[in-house]
file work12.cif (mmCIF, C-alpha atoms)
data_upload
#
loop_
_atom_site.group_PDB
_atom_site.id
_atom_site.type_symbol
_atom_site.label_atom_id
_atom_site.label_comp_id
_atom_site.auth_asym_id
_atom_site.auth_seq_id
_atom_site.Cartn_x
_atom_site.Cartn_y
_atom_site.Cartn_z
ATOM 1 C CA MET I 24 -35.066 0.280 14.668
ATOM 2 C CA ALA I 25 -35.710 -1.555 11.414
ATOM 3 C CA SER I 26 -37.128 -5.045 11.798
ATOM 4 C CA SER I 27 -34.545 -7.714 10.961
ATOM 5 C CA LYS I 28 -37.350 -10.048 9.891
ATOM 6 C CA ARG I 29 -38.550 -7.497 7.356
ATOM 7 C CA ARG I 30 -35.022 -7.208 5.944
ATOM 8 C CA GLN I 31 -34.752 -10.974 5.725
ATOM 9 C CA ARG I 32 -38.028 -11.139 3.807
ATOM 10 C CA LEU I 33 -36.854 -8.454 1.394
ATOM 11 C CA VAL I 34 -33.556 -10.260 0.803
ATOM 12 C CA LEU I 35 -35.422 -13.488 0.123
ATOM 13 C CA LEU I 36 -37.725 -11.703 -2.330
ATOM 14 C CA ALA I 37 -34.726 -10.128 -4.071
ATOM 15 C CA LYS I 38 -33.100 -13.539 -4.527
ATOM 16 C CA GLN I 39 -36.289 -14.816 -6.134
ATOM 17 C CA ALA I 40 -36.770 -11.770 -8.361
ATOM 18 C CA GLY I 41 -36.813 -12.362 -12.094
ATOM 19 C CA SER I 42 -35.000 -9.211 -13.227
ATOM 20 C CA SER I 43 -32.375 -6.725 -12.114
ATOM 21 C CA ARG I 44 -34.984 -3.986 -11.989
ATOM 22 C CA GLU I 45 -37.023 -6.037 -9.513
ATOM 23 C CA ILE I 46 -33.946 -6.754 -7.388
ATOM 24 C CA VAL I 47 -33.097 -3.055 -7.258
ATOM 25 C CA ALA I 48 -36.665 -2.058 -6.385
ATOM 26 C CA ILE I 49 -36.723 -4.537 -3.500
ATOM 27 C CA MET I 50 -33.250 -3.789 -2.147
ATOM 28 C CA LYS I 51 -33.828 -0.048 -2.240
ATOM 29 C CA GLY I 52 -36.430 -0.781 0.421
ATOM 30 C CA VAL I 53 -33.613 -2.020 2.627
ATOM 31 C CA ALA I 54 -31.138 0.722 1.685
ATOM 32 C CA VAL I 55 -33.470 3.544 2.737
ATOM 33 C CA LEU I 56 -33.888 2.091 6.235
ATOM 34 C CA HIS I 57 -30.681 3.868 7.293
ATOM 35 C CA VAL I 58 -29.045 0.735 8.681
ATOM 36 C CA GLU I 59 -25.714 -0.974 8.138
ATOM 37 C CA LEU I 60 -26.245 -3.347 5.230
ATOM 38 C CA THR I 61 -24.923 -6.868 5.429
ATOM 39 C CA VAL I 62 -22.477 -8.094 2.801
ATOM 40 C CA GLU I 63 -25.288 -10.092 1.189
ATOM 41 C CA GLU I 64 -27.575 -7.054 1.066
ATOM 42 C CA ARG I 65 -24.807 -4.925 -0.397
ATOM 43 C CA GLU I 66 -24.048 -7.474 -3.086
ATOM 44 C CA LEU I 67 -27.682 -7.826 -4.115
ATOM 45 C CA LEU I 68 -28.118 -4.066 -4.390
ATOM 46 C CA TYR I 69 -24.861 -3.545 -6.278
ATOM 47 C CA CYS I 70 -25.316 -6.470 -8.658
ATOM 48 C CA GLY I 71 -28.829 -5.328 -9.513
ATOM 49 C CA TYR I 72 -27.727 -1.829 -10.410
ATOM 50 C CA LYS I 73 -24.539 -3.035 -12.100
ATOM 51 C CA HIS I 74 -26.462 -5.364 -14.409
ATOM 52 C CA MET I 75 -28.867 -2.580 -15.351
ATOM 53 C CA VAL I 76 -25.968 -0.274 -16.169
ATOM 54 C CA ASP I 77 -23.917 -2.883 -18.022
ATOM 55 C CA CYS I 78 -26.831 -3.724 -20.318
ATOM 56 C CA ARG I 79 -27.046 -0.075 -21.314
ATOM 57 C CA ARG I 80 -23.293 0.344 -21.625
ATOM 58 C CA ASP I 81 -23.191 -2.610 -24.023
ATOM 59 C CA MET I 82 -26.157 -1.294 -26.005
ATOM 60 C CA TRP I 83 -24.624 2.177 -26.197
ATOM 61 C CA GLN I 84 -21.339 0.783 -27.515
ATOM 62 C CA TYR I 85 -23.192 -1.338 -30.078
ATOM 63 C CA LEU I 86 -25.316 1.583 -31.304
ATOM 64 C CA LYS I 87 -22.332 3.931 -31.484
ATOM 65 C CA ARG I 88 -20.408 1.443 -33.607
ATOM 66 C CA LYS I 89 -23.399 0.910 -35.885
ATOM 67 C CA HIS I 90 -23.956 4.609 -36.315
ATOM 68 C CA GLU I 91 -20.287 5.285 -37.017
ATOM 69 C CA CYS I 92 -20.119 2.518 -39.614
ATOM 70 C CA GLU I 93 -23.480 2.921 -41.284
ATOM 71 C CA GLY I 94 -24.662 6.487 -40.701
ATOM 72 C CA ASN I 95 -26.607 8.124 -37.933
ATOM 73 C CA ASP I 96 -30.090 7.180 -39.135
ATOM 74 C CA LEU I 97 -29.566 3.761 -40.679
ATOM 75 C CA VAL I 98 -29.932 1.746 -37.486
ATOM 76 C CA VAL I 99 -33.342 3.249 -36.831
ATOM 77 C CA LYS I 100 -34.404 2.457 -40.393
ATOM 78 C CA ILE I 101 -33.251 -1.149 -40.068
ATOM 79 C CA ASP I 102 -34.938 -1.842 -36.744
ATOM 80 C CA LYS I 103 -37.488 0.531 -35.269
ATOM 81 C CA LYS I 104 -37.263 -1.336 -31.949
ATOM 82 C CA LEU I 105 -33.682 -0.230 -31.338
ATOM 83 C CA PRO I 106 -33.279 2.894 -29.194
ATOM 84 C CA THR I 107 -31.020 5.748 -30.249
ATOM 85 C CA PRO I 108 -27.682 6.265 -28.502
ATOM 86 C CA ARG I 109 -29.113 9.386 -26.879
ATOM 87 C CA GLU I 110 -32.010 7.453 -25.375
ATOM 88 C CA VAL I 111 -29.610 4.904 -23.923
ATOM 89 C CA GLU I 112 -27.381 7.684 -22.582
ATOM 90 C CA LEU I 113 -30.299 9.226 -20.725
ATOM 91 C CA GLU I 114 -31.315 5.901 -19.209
ATOM 92 C CA LEU I 115 -27.771 5.124 -18.136
ATOM 93 C CA SER I 116 -27.275 8.594 -16.652
ATOM 94 C CA ASP I 117 -30.532 8.343 -14.708
ATOM 95 C CA ILE I 118 -29.468 5.024 -13.172
ATOM 96 C CA CYS I 119 -26.062 6.411 -12.185
ATOM 97 C CA VAL I 120 -27.645 9.501 -10.615
ATOM 98 C CA GLU I 121 -30.054 7.283 -8.676
ATOM 99 C CA VAL I 122 -27.238 5.119 -7.293
ATOM 100 C CA ILE I 123 -25.110 8.114 -6.304
ATOM 101 C CA ARG I 124 -28.059 9.796 -4.570
ATOM 102 C CA LEU I 125 -28.823 6.576 -2.707
ATOM 103 C CA LEU I 126 -25.203 6.389 -1.552
ATOM 104 C CA GLU I 127 -25.002 10.007 -0.464
ATOM 105 C CA GLU I 128 -28.368 10.182 1.297
ATOM 106 C CA HIS I 129 -29.000 6.704 2.685
ATOM 107 C CA LEU I 130 -25.865 4.558 2.777
ATOM 108 C CA ILE I 131 -22.626 6.473 3.394
ATOM 109 C CA PRO I 132 -23.980 8.604 6.281
ATOM 110 C CA TYR I 133 -25.234 5.527 8.141
ATOM 111 C CA THR I 134 -22.410 3.044 7.657
ATOM 112 C CA LEU I 135 -20.632 1.874 10.793
ATOM 113 C CA THR I 136 -17.527 0.137 9.428
ATOM 114 C CA SER I 137 -14.473 1.273 7.513
ATOM 115 C CA GLU I 138 -14.855 -1.512 4.963
ATOM 116 C CA SER I 139 -18.437 -0.545 4.131
ATOM 117 C CA THR I 140 -17.409 3.081 3.726
ATOM 118 C CA VAL I 141 -14.656 2.062 1.312
ATOM 119 C CA VAL I 142 -17.116 -0.067 -0.644
ATOM 120 C CA TYR I 143 -19.634 2.752 -0.938
ATOM 121 C CA TYR I 144 -17.091 5.308 -2.101
ATOM 122 C CA ARG I 145 -15.889 2.806 -4.689
ATOM 123 C CA TRP I 146 -19.466 2.388 -5.879
ATOM 124 C CA LYS I 147 -19.812 6.147 -6.102
ATOM 125 C CA ALA I 148 -16.629 6.393 -8.148
ATOM 126 C CA ASP I 149 -17.659 3.490 -10.382
ATOM 127 C CA PHE I 150 -21.040 4.943 -11.287
ATOM 128 C CA TYR I 151 -19.538 8.357 -11.964
ATOM 129 C CA ARG I 152 -17.094 6.532 -14.253
ATOM 130 C CA TYR I 153 -19.900 4.775 -16.106
ATOM 131 C CA SER I 154 -21.566 8.145 -16.591
ATOM 132 C CA ALA I 155 -18.328 9.749 -17.821
ATOM 133 C CA GLU I 156 -17.927 7.052 -20.487
ATOM 134 C CA ILE I 157 -20.920 8.356 -22.429
ATOM 135 C CA LYS I 158 -20.258 12.087 -22.073
ATOM 136 C CA ASP I 159 -18.117 14.545 -24.027
ATOM 137 C CA GLY I 160 -16.295 17.791 -23.477
ATOM 138 C CA TYR I 161 -16.680 19.761 -20.263
ATOM 139 C CA GLU I 162 -19.444 17.520 -18.947
ATOM 140 C CA ARG I 163 -17.173 14.481 -19.259
ATOM 141 C CA GLU I 164 -14.334 16.310 -17.498
ATOM 142 C CA GLN I 165 -16.618 17.340 -14.653
ATOM 143 C CA VAL I 166 -18.028 13.858 -14.085
ATOM 144 C CA ALA I 167 -14.521 12.371 -14.387
ATOM 145 C CA ASP I 168 -13.367 14.742 -11.644
ATOM 146 C CA TYR I 169 -16.170 13.519 -9.392
ATOM 147 C CA SER I 170 -15.160 9.933 -10.102
ATOM 148 C CA PHE I 171 -11.502 10.682 -9.394
ATOM 149 C CA GLU I 172 -12.297 12.325 -6.051
ATOM 150 C CA ALA I 173 -14.435 9.362 -4.994
ATOM 151 C CA TYR I 174 -11.697 6.893 -5.973
ATOM 152 C CA LYS I 175 -9.154 8.940 -4.021
ATOM 153 C CA MET I 176 -11.419 8.925 -0.978
ATOM 154 C CA ALA I 177 -11.932 5.162 -1.257
ATOM 155 C CA THR I 178 -8.181 4.654 -1.697
ATOM 156 C CA ASN I 179 -7.251 6.789 1.311
ATOM 157 C CA LEU I 180 -9.788 5.055 3.528
ATOM 158 C CA ALA I 181 -8.690 1.611 2.331
ATOM 159 C CA GLU I 182 -5.013 2.345 2.915
ATOM 160 C CA ALA I 183 -5.780 3.543 6.429
ATOM 161 C CA ALA I 184 -7.992 0.634 7.465
ATOM 162 C CA LEU I 185 -7.370 -2.419 5.287
ATOM 163 C CA SER I 186 -4.465 -4.706 4.475
ATOM 164 C CA PRO I 187 -2.916 -4.333 0.985
ATOM 165 C CA ALA I 188 -4.146 -7.881 0.292
ATOM 166 C CA HIS I 189 -7.708 -7.276 1.487
ATOM 167 C CA PRO I 190 -10.171 -7.999 -1.334
ATOM 168 C CA THR I 191 -12.047 -4.725 -0.798
ATOM 169 C CA ARG I 192 -8.845 -2.700 -1.090
ATOM 170 C CA LEU I 193 -7.835 -4.648 -4.198
ATOM 171 C CA GLY I 194 -11.266 -3.953 -5.689
ATOM 172 C CA VAL I 195 -10.678 -0.229 -5.294
ATOM 173 C CA VAL I 196 -7.266 -0.466 -6.950
ATOM 174 C CA MET I 197 -8.589 -2.505 -9.861
ATOM 175 C CA ASN I 198 -11.353 -0.035 -10.664
ATOM 176 C CA PHE I 199 -9.191 3.041 -10.070
ATOM 177 C CA ALA I 200 -6.653 1.657 -12.543
ATOM 178 C CA VAL I 201 -9.434 1.105 -15.092
ATOM 179 C CA PHE I 202 -10.487 4.723 -14.534
ATOM 180 C CA TYR I 203 -6.963 5.912 -15.338
ATOM 181 C CA HIS I 204 -6.819 3.764 -18.447
ATOM 182 C CA ASP I 205 -10.308 4.251 -19.880
ATOM 183 C CA ILE I 206 -11.304 7.734 -18.723
ATOM 184 C CA MET I 207 -8.008 9.566 -18.230
ATOM 185 C CA LYS I 208 -6.343 7.737 -21.152
ATOM 186 C CA SER I 209 -3.280 7.201 -18.994
ATOM 187 C CA PRO I 210 -2.100 3.569 -19.306
ATOM 188 C CA LEU I 211 1.162 4.291 -17.519
ATOM 189 C CA ARG I 212 -0.623 5.532 -14.432
ATOM 190 C CA ALA I 213 -3.003 2.588 -14.597
ATOM 191 C CA ARG I 214 -0.118 0.167 -14.922
ATOM 192 C CA ASN I 215 1.938 1.731 -12.116
ATOM 193 C CA LEU I 216 -0.992 1.790 -9.712
ATOM 194 C CA ALA I 217 -1.923 -1.821 -10.440
ATOM 195 C CA HIS I 218 1.675 -3.048 -10.316
ATOM 196 C CA GLN I 219 2.376 -1.466 -6.937
ATOM 197 C CA ALA I 220 -0.838 -2.857 -5.460
ATOM 198 C CA TYR I 221 -0.087 -6.303 -6.902
ATOM 199 C CA GLU I 222 3.385 -6.427 -5.381
ATOM 200 C CA GLU I 223 2.203 -5.180 -1.978
ATOM 201 C CA ALA I 224 -0.696 -7.633 -1.868
ATOM 202 C CA LEU I 225 1.513 -10.652 -2.565
ATOM 203 C CA LEU I 226 3.484 -9.927 0.602
ATOM 204 C CA GLU I 227 0.351 -9.844 2.762
ATOM 205 C CA LEU I 228 -1.695 -12.761 1.418
ATOM 206 C CA HIS I 229 -0.647 -14.983 4.314
ATOM 207 C CA THR I 230 -2.471 -12.691 6.760
ATOM 208 C CA LEU I 231 -5.932 -13.329 5.252
ATOM 209 C CA ASP I 232 -8.541 -15.849 6.326
ATOM 210 C CA GLU I 233 -9.517 -18.566 3.866
ATOM 211 C CA GLU I 234 -12.563 -16.792 2.424
ATOM 212 C CA SER I 235 -10.788 -13.462 1.883
ATOM 213 C CA TYR I 236 -7.770 -15.291 0.503
ATOM 214 C CA GLU I 237 -9.802 -16.890 -2.281
ATOM 215 C CA VAL I 238 -11.391 -13.575 -3.276
ATOM 216 C CA SER I 239 -8.059 -11.758 -3.219
ATOM 217 C CA ILE I 240 -6.391 -14.428 -5.349
ATOM 218 C CA SER I 241 -9.136 -14.008 -7.933
ATOM 219 C CA ARG I 242 -8.669 -10.242 -7.976
ATOM 220 C CA LEU I 243 -4.910 -10.534 -8.204
ATOM 221 C CA GLN I 244 -5.356 -12.727 -11.278
ATOM 222 C CA LEU I 245 -7.496 -10.015 -12.845
ATOM 223 C CA LEU I 246 -4.868 -7.417 -11.973
ATOM 224 C CA ARG I 247 -2.165 -9.540 -13.562
ATOM 225 C CA HIS I 248 -4.252 -9.911 -16.714
ATOM 226 C CA SER I 249 -4.753 -6.133 -16.895
ATOM 227 C CA LEU I 250 -1.045 -5.528 -16.309
ATOM 228 C CA ALA I 251 -0.146 -7.814 -19.209
ATOM 229 C CA PHE I 252 -2.543 -5.919 -21.474
ATOM 230 C CA TRP I 253 -1.319 -2.459 -20.424
ATOM 231 C CA ASP I 254 2.334 -3.492 -20.686
ATOM 232 C CA CYS I 255 1.720 -4.151 -24.394
ATOM 233 C CA GLU I 256 0.408 -0.603 -24.875
ATOM 234 C CA ILE I 257 3.107 1.307 -23.058
ATOM 235 C CA PRO I 258 6.119 0.813 -25.416
ATOM 236 C CA ALA I 259 4.241 2.439 -28.303
ATOM 237 C CA ILE I 260 3.291 5.405 -26.121
ATOM 238 C CA ILE I 261 6.846 5.876 -24.858
ATOM 239 C CA GLU I 262 8.171 5.714 -28.425
ATOM 240 C CA LEU I 263 5.722 8.418 -29.488
ATOM 241 C CA ILE I 264 6.675 10.627 -26.539
ATOM 242 C CA ASP I 265 10.371 10.193 -27.346
ATOM 243 C CA ASP I 266 9.791 11.148 -30.998
ATOM 244 C CA VAL I 267 7.877 14.289 -30.064
ATOM 245 C CA GLY I 268 10.476 15.134 -27.438
ATOM 246 C CA ASP I 269 13.274 14.905 -30.007
ATOM 247 C CA CYS I 270 11.400 17.283 -32.305
ATOM 248 C CA LEU I 271 10.862 19.793 -29.517
ATOM 249 C CA ASN I 272 14.513 19.644 -28.520
ATOM 250 C CA ILE I 273 15.422 20.555 -32.094
ATOM 251 C CA LEU I 274 12.957 23.437 -31.951
ATOM 252 C CA LEU I 275 14.465 24.633 -28.694
ATOM 253 C CA GLN I 276 17.979 24.589 -30.098
ATOM 254 C CA ALA I 277 16.810 26.346 -33.249
ATOM 255 C CA ALA I 278 14.957 28.999 -31.297
ATOM 256 C CA CYS I 279 17.989 29.713 -29.191
ATOM 257 C CA GLY I 280 20.032 30.090 -32.364
ATOM 258 C CA TRP I 281 17.548 32.332 -34.174
ATOM 259 C CA ALA I 282 18.349 35.336 -32.056
ATOM 260 C CA SER I 283 19.931 36.312 -28.819
ATOM 261 C CA SER I 284 16.588 37.841 -27.905
ATOM 262 C CA ALA I 285 15.093 36.342 -24.777
ATOM 263 C CA TYR I 286 11.730 36.438 -26.564
ATOM 264 C CA PHE I 287 12.532 33.478 -28.850
ATOM 265 C CA THR I 288 14.144 31.526 -26.050
ATOM 266 C CA ARG I 289 11.083 32.063 -23.877
ATOM 267 C CA ILE I 290 8.805 30.764 -26.649
ATOM 268 C CA ALA I 291 10.874 27.621 -27.035
ATOM 269 C CA LYS I 292 10.945 27.017 -23.302
ATOM 270 C CA ASN I 293 7.195 27.452 -23.120
ATOM 271 C CA ILE I 294 6.838 24.800 -25.810
ATOM 272 C CA MET I 295 8.917 22.418 -23.717
ATOM 273 C CA VAL I 296 6.863 23.175 -20.599
ATOM 274 C CA LEU I 297 3.662 22.393 -22.496
ATOM 275 C CA PHE I 298 5.174 19.155 -23.783
ATOM 276 C CA CYS I 299 6.238 18.087 -20.294
ATOM 277 C CA TRP I 300 2.792 18.889 -18.950
ATOM 278 C CA SER I 301 0.996 17.008 -21.720
ATOM 279 C CA THR I 302 3.118 13.885 -21.328
ATOM 280 C CA SER I 303 2.812 13.912 -17.540
ATOM 281 C CA ILE I 304 -0.637 12.329 -17.835
ATOM 282 C CA TYR I 305 1.074 9.107 -18.950
ATOM 283 C CA LYS I 306 3.266 8.854 -15.877
#

call {"tool": "encode", "arguments": {"input": "work12.cif", "output": "structure tokens"}}
result
Amino acid sequence: MASSKRRQRLVLLAKQAGSSREIVAIMKGVAVLHVELTVEERELLYCGYKHMVDCRRDMWQYLKRKHECEGNDLVVKIDKKLPTPREVELELSDICVEVIRLLEEHLIPYTLTSESTVVYYRWKADFYRYSAEIKDGYEREQVADYSFEAYKMATNLAEAALSPAHPTRLGVVMNFAVFYHDIMKSPLRARNLAHQAYEEALLELHTLDEESYEVSISRLQLLRHSLAFWDCEIPAIIELIDDVGDCLNILLQAACGWASSAYFTRIAKNIMVLFCWSTSIYK
């Protein structure tokens, strides 16, 4: 069995570390011991990796904007020290792969509590999401699917084991909603998921202890902020859907009037089916 004193020394070293990379290197030494991590150990490990990823996400966004505005090679000409977007993508992807492998091989199989399992599946989903942000085409779709499945697993486990107001369950909802909005481009789904969780959590806040209550209140405030933002987006989307729907209805009526042939009617109906399918992602 792993020495608790050794873990305590590693945690102390991690707290004194001067960079996220150092924190991660130290806390990986705890994660590979195949033990149930404490909340403090989990937070140190997650925050270290999250900071490393966020730095690269911010840099990638900055470089992409610069390249789009000024041309693909101009940034490099201006400052040779700046990496290319591709270099940042590779670094970010490597970090995400490392976190997911750590979760699958050393953390999830050895967790003993439902809450820890929920947390780890949320991490897995989050880091797949960060990876999907920088990918295109089929590769993006594939990684997004992995993220979705991990969020679903975290959600199912949280609903089975945790109160709707529990901060861990709210954390899953918050990030799942962001996934719907940012990756799936579905603000309606994001809004509906967040709104339902918000309403359910309000009814259960009184069941929490003081520490959990404070964390949940903070997360509910973030949910409310996101809801306000998404509510501003939705009317424009609905208006667009209605406009397209009106056009397709006209096409359907016209097709039915072109000929009594079932061929034209079938074409028009297929158009409507495709429209309904395409707009379903916003529900």

call {"tool": "residues_around", "arguments": {"input": "work12.cif", "residues": "Ala183 of chain I", "least_positions_apart": "3", "cutoff": "12 Å", "atoms": "all atoms listed in the file", "output": "NGL selection string"}}
result
:I and (137-138 or 140-141 or 176-180 or 186-187 or 192)

call {"tool": "resolve_selection", "arguments": {"input": "work12.cif", "expression": "the PyMOL selection byres ((chain I and resi 189) around 12)", "output": "number ranges by chain"}}
result
I: 138, 141, 181-182, 184-188, 190-196, 220-221, 223-243

call {"tool": "write_last_selection", "arguments": {"input": "work12.cif", "atoms": "C-alpha atoms", "output": "CSV table (one decimal), in the coordinates of the input"}}
result
chain,number,residue,atom,x,y,z
I,138,GLU,CA,-14.9,-1.5,5.0
I,141,VAL,CA,-14.7,2.1,1.3
I,181,ALA,CA,-8.7,1.6,2.3
I,182,GLU,CA,-5.0,2.3,2.9
I,184,ALA,CA,-8.0,0.6,7.5
I,185,LEU,CA,-7.4,-2.4,5.3
I,186,SER,CA,-4.5,-4.7,4.5
I,187,PRO,CA,-2.9,-4.3,1.0
I,188,ALA,CA,-4.1,-7.9,0.3
I,190,PRO,CA,-10.2,-8.0,-1.3
I,191,THR,CA,-12.0,-4.7,-0.8
I,192,ARG,CA,-8.8,-2.7,-1.1
I,193,LEU,CA,-7.8,-4.6,-4.2
I,194,GLY,CA,-11.3,-4.0,-5.7
I,195,VAL,CA,-10.7,-0.2,-5.3
I,196,VAL,CA,-7.3,-0.5,-7.0
I,220,ALA,CA,-0.8,-2.9,-5.5
I,221,TYR,CA,-0.1,-6.3,-6.9
I,223,GLU,CA,2.2,-5.2,-2.0
I,224,ALA,CA,-0.7,-7.6,-1.9
I,225,LEU,CA,1.5,-10.7,-2.6
I,226,LEU,CA,3.5,-9.9,0.6
I,227,GLU,CA,0.4,-9.8,2.8
I,228,LEU,CA,-1.7,-12.8,1.4
I,229,HIS,CA,-0.6,-15.0,4.3
I,230,THR,CA,-2.5,-12.7,6.8
I,231,LEU,CA,-5.9,-13.3,5.3
I,232,ASP,CA,-8.5,-15.8,6.3
I,233,GLU,CA,-9.5,-18.6,3.9
I,234,GLU,CA,-12.6,-16.8,2.4
I,235,SER,CA,-10.8,-13.5,1.9
I,236,TYR,CA,-7.8,-15.3,0.5
I,237,GLU,CA,-9.8,-16.9,-2.3
I,238,VAL,CA,-11.4,-13.6,-3.3
I,239,SER,CA,-8.1,-11.8,-3.2
I,240,ILE,CA,-6.4,-14.4,-5.3
I,241,SER,CA,-9.1,-14.0,-7.9
I,242,ARG,CA,-8.7,-10.2,-8.0
I,243,LEU,CA,-4.9,-10.5,-8.2

call {"tool": "resolve_selection", "arguments": {"input": "work12.cif", "expression": "the PyMOL selection byres ((chain I and resi 63) around 12)", "output": "list in words"}}
result
Arg30, Gln31, Leu33, Val34, Leu35, Ala37, Lys38, Met50, Val53, Glu59, Leu60, Thr61, Val62, Glu64, Arg65, Glu66, Leu67, Leu68, Tyr69 and Cys70 of chain I

call {"tool": "axis_aligned_box", "arguments": {"input": "work12.cif", "around": "segment 63-81 of chain I", "padding_each_side": "4 Å", "output": "AutoDock Vina command-line options"}}
result
--center_x -26.0 --center_y -4.9 --center_z -11.4 --size_x 13.7 --size_y 18.4 --size_z 33.2

call {"tool": "resolve_selection", "arguments": {"input": "work12.cif", "expression": "the PyMOL selection byres ((chain I and resi 147) around 10)", "output": "list in words"}}
result
Cys119, Val120, Val122, Ile123, Arg124, Leu125, Leu126, Glu127, Ile131, Val141, Val142, Tyr143, Tyr144, Arg145, Trp146, Ala148, Asp149, Phe150, Tyr151, Arg152, Tyr169, Ser170, Glu172, Ala173, Tyr174 and Ala177 of chain I

call {"tool": "residues_around", "arguments": {"input": "work12.cif", "residues": "Ser154 of chain I", "least_positions_apart": "3", "cutoff": "12 Å", "atoms": "only C-alpha atoms", "output": "PyMOL selection string"}}
result
chain I and resi 76-77+79-80+83+111-123+147-151+157-159+162-170+202+206

call {"tool": "residues_around", "arguments": {"input": "work12.cif", "residues": "Trp253 of chain I", "least_positions_apart": "6", "cutoff": "9 Å", "atoms": "all atoms listed in the file", "output": "number ranges by chain"}}
result
I: 204, 210-211, 213-214

call {"tool": "atom_distance", "arguments": {"input": "work12.cif", "atom1": "atom CA of Leu86 of chain I", "atom2": "atom CA of Thr107 of chain I"}}
result
7.1 Å

call {"tool": "closest_residue", "arguments": {"input": "work12.cif", "among": "I:Leu105, I:Cys92, I:Ala48, I:Leu56", "to": "Gly71 of chain I", "atoms": "only C-alpha atoms"}}
result
I:Ala48

call {"tool": "atom_distance", "arguments": {"input": "work12.cif", "atom1": "atom CA of Tyr203 of chain I", "atom2": "atom CA of Lys89 of chain I"}}
result
26.8 Å

call {"tool": "atom_distance", "arguments": {"input": "work12.cif", "atom1": "atom CA of Leu216 of chain I", "atom2": "atom CA of Lys73 of chain I"}}
result
24.2 Å

call {"tool": "closest_residue", "arguments": {"input": "work12.cif", "among": "I:Arg88, I:Gln39, I:Ser26, I:His57", "to": "His129 of chain I", "atoms": "all atoms listed in the file"}}
result
I:His57
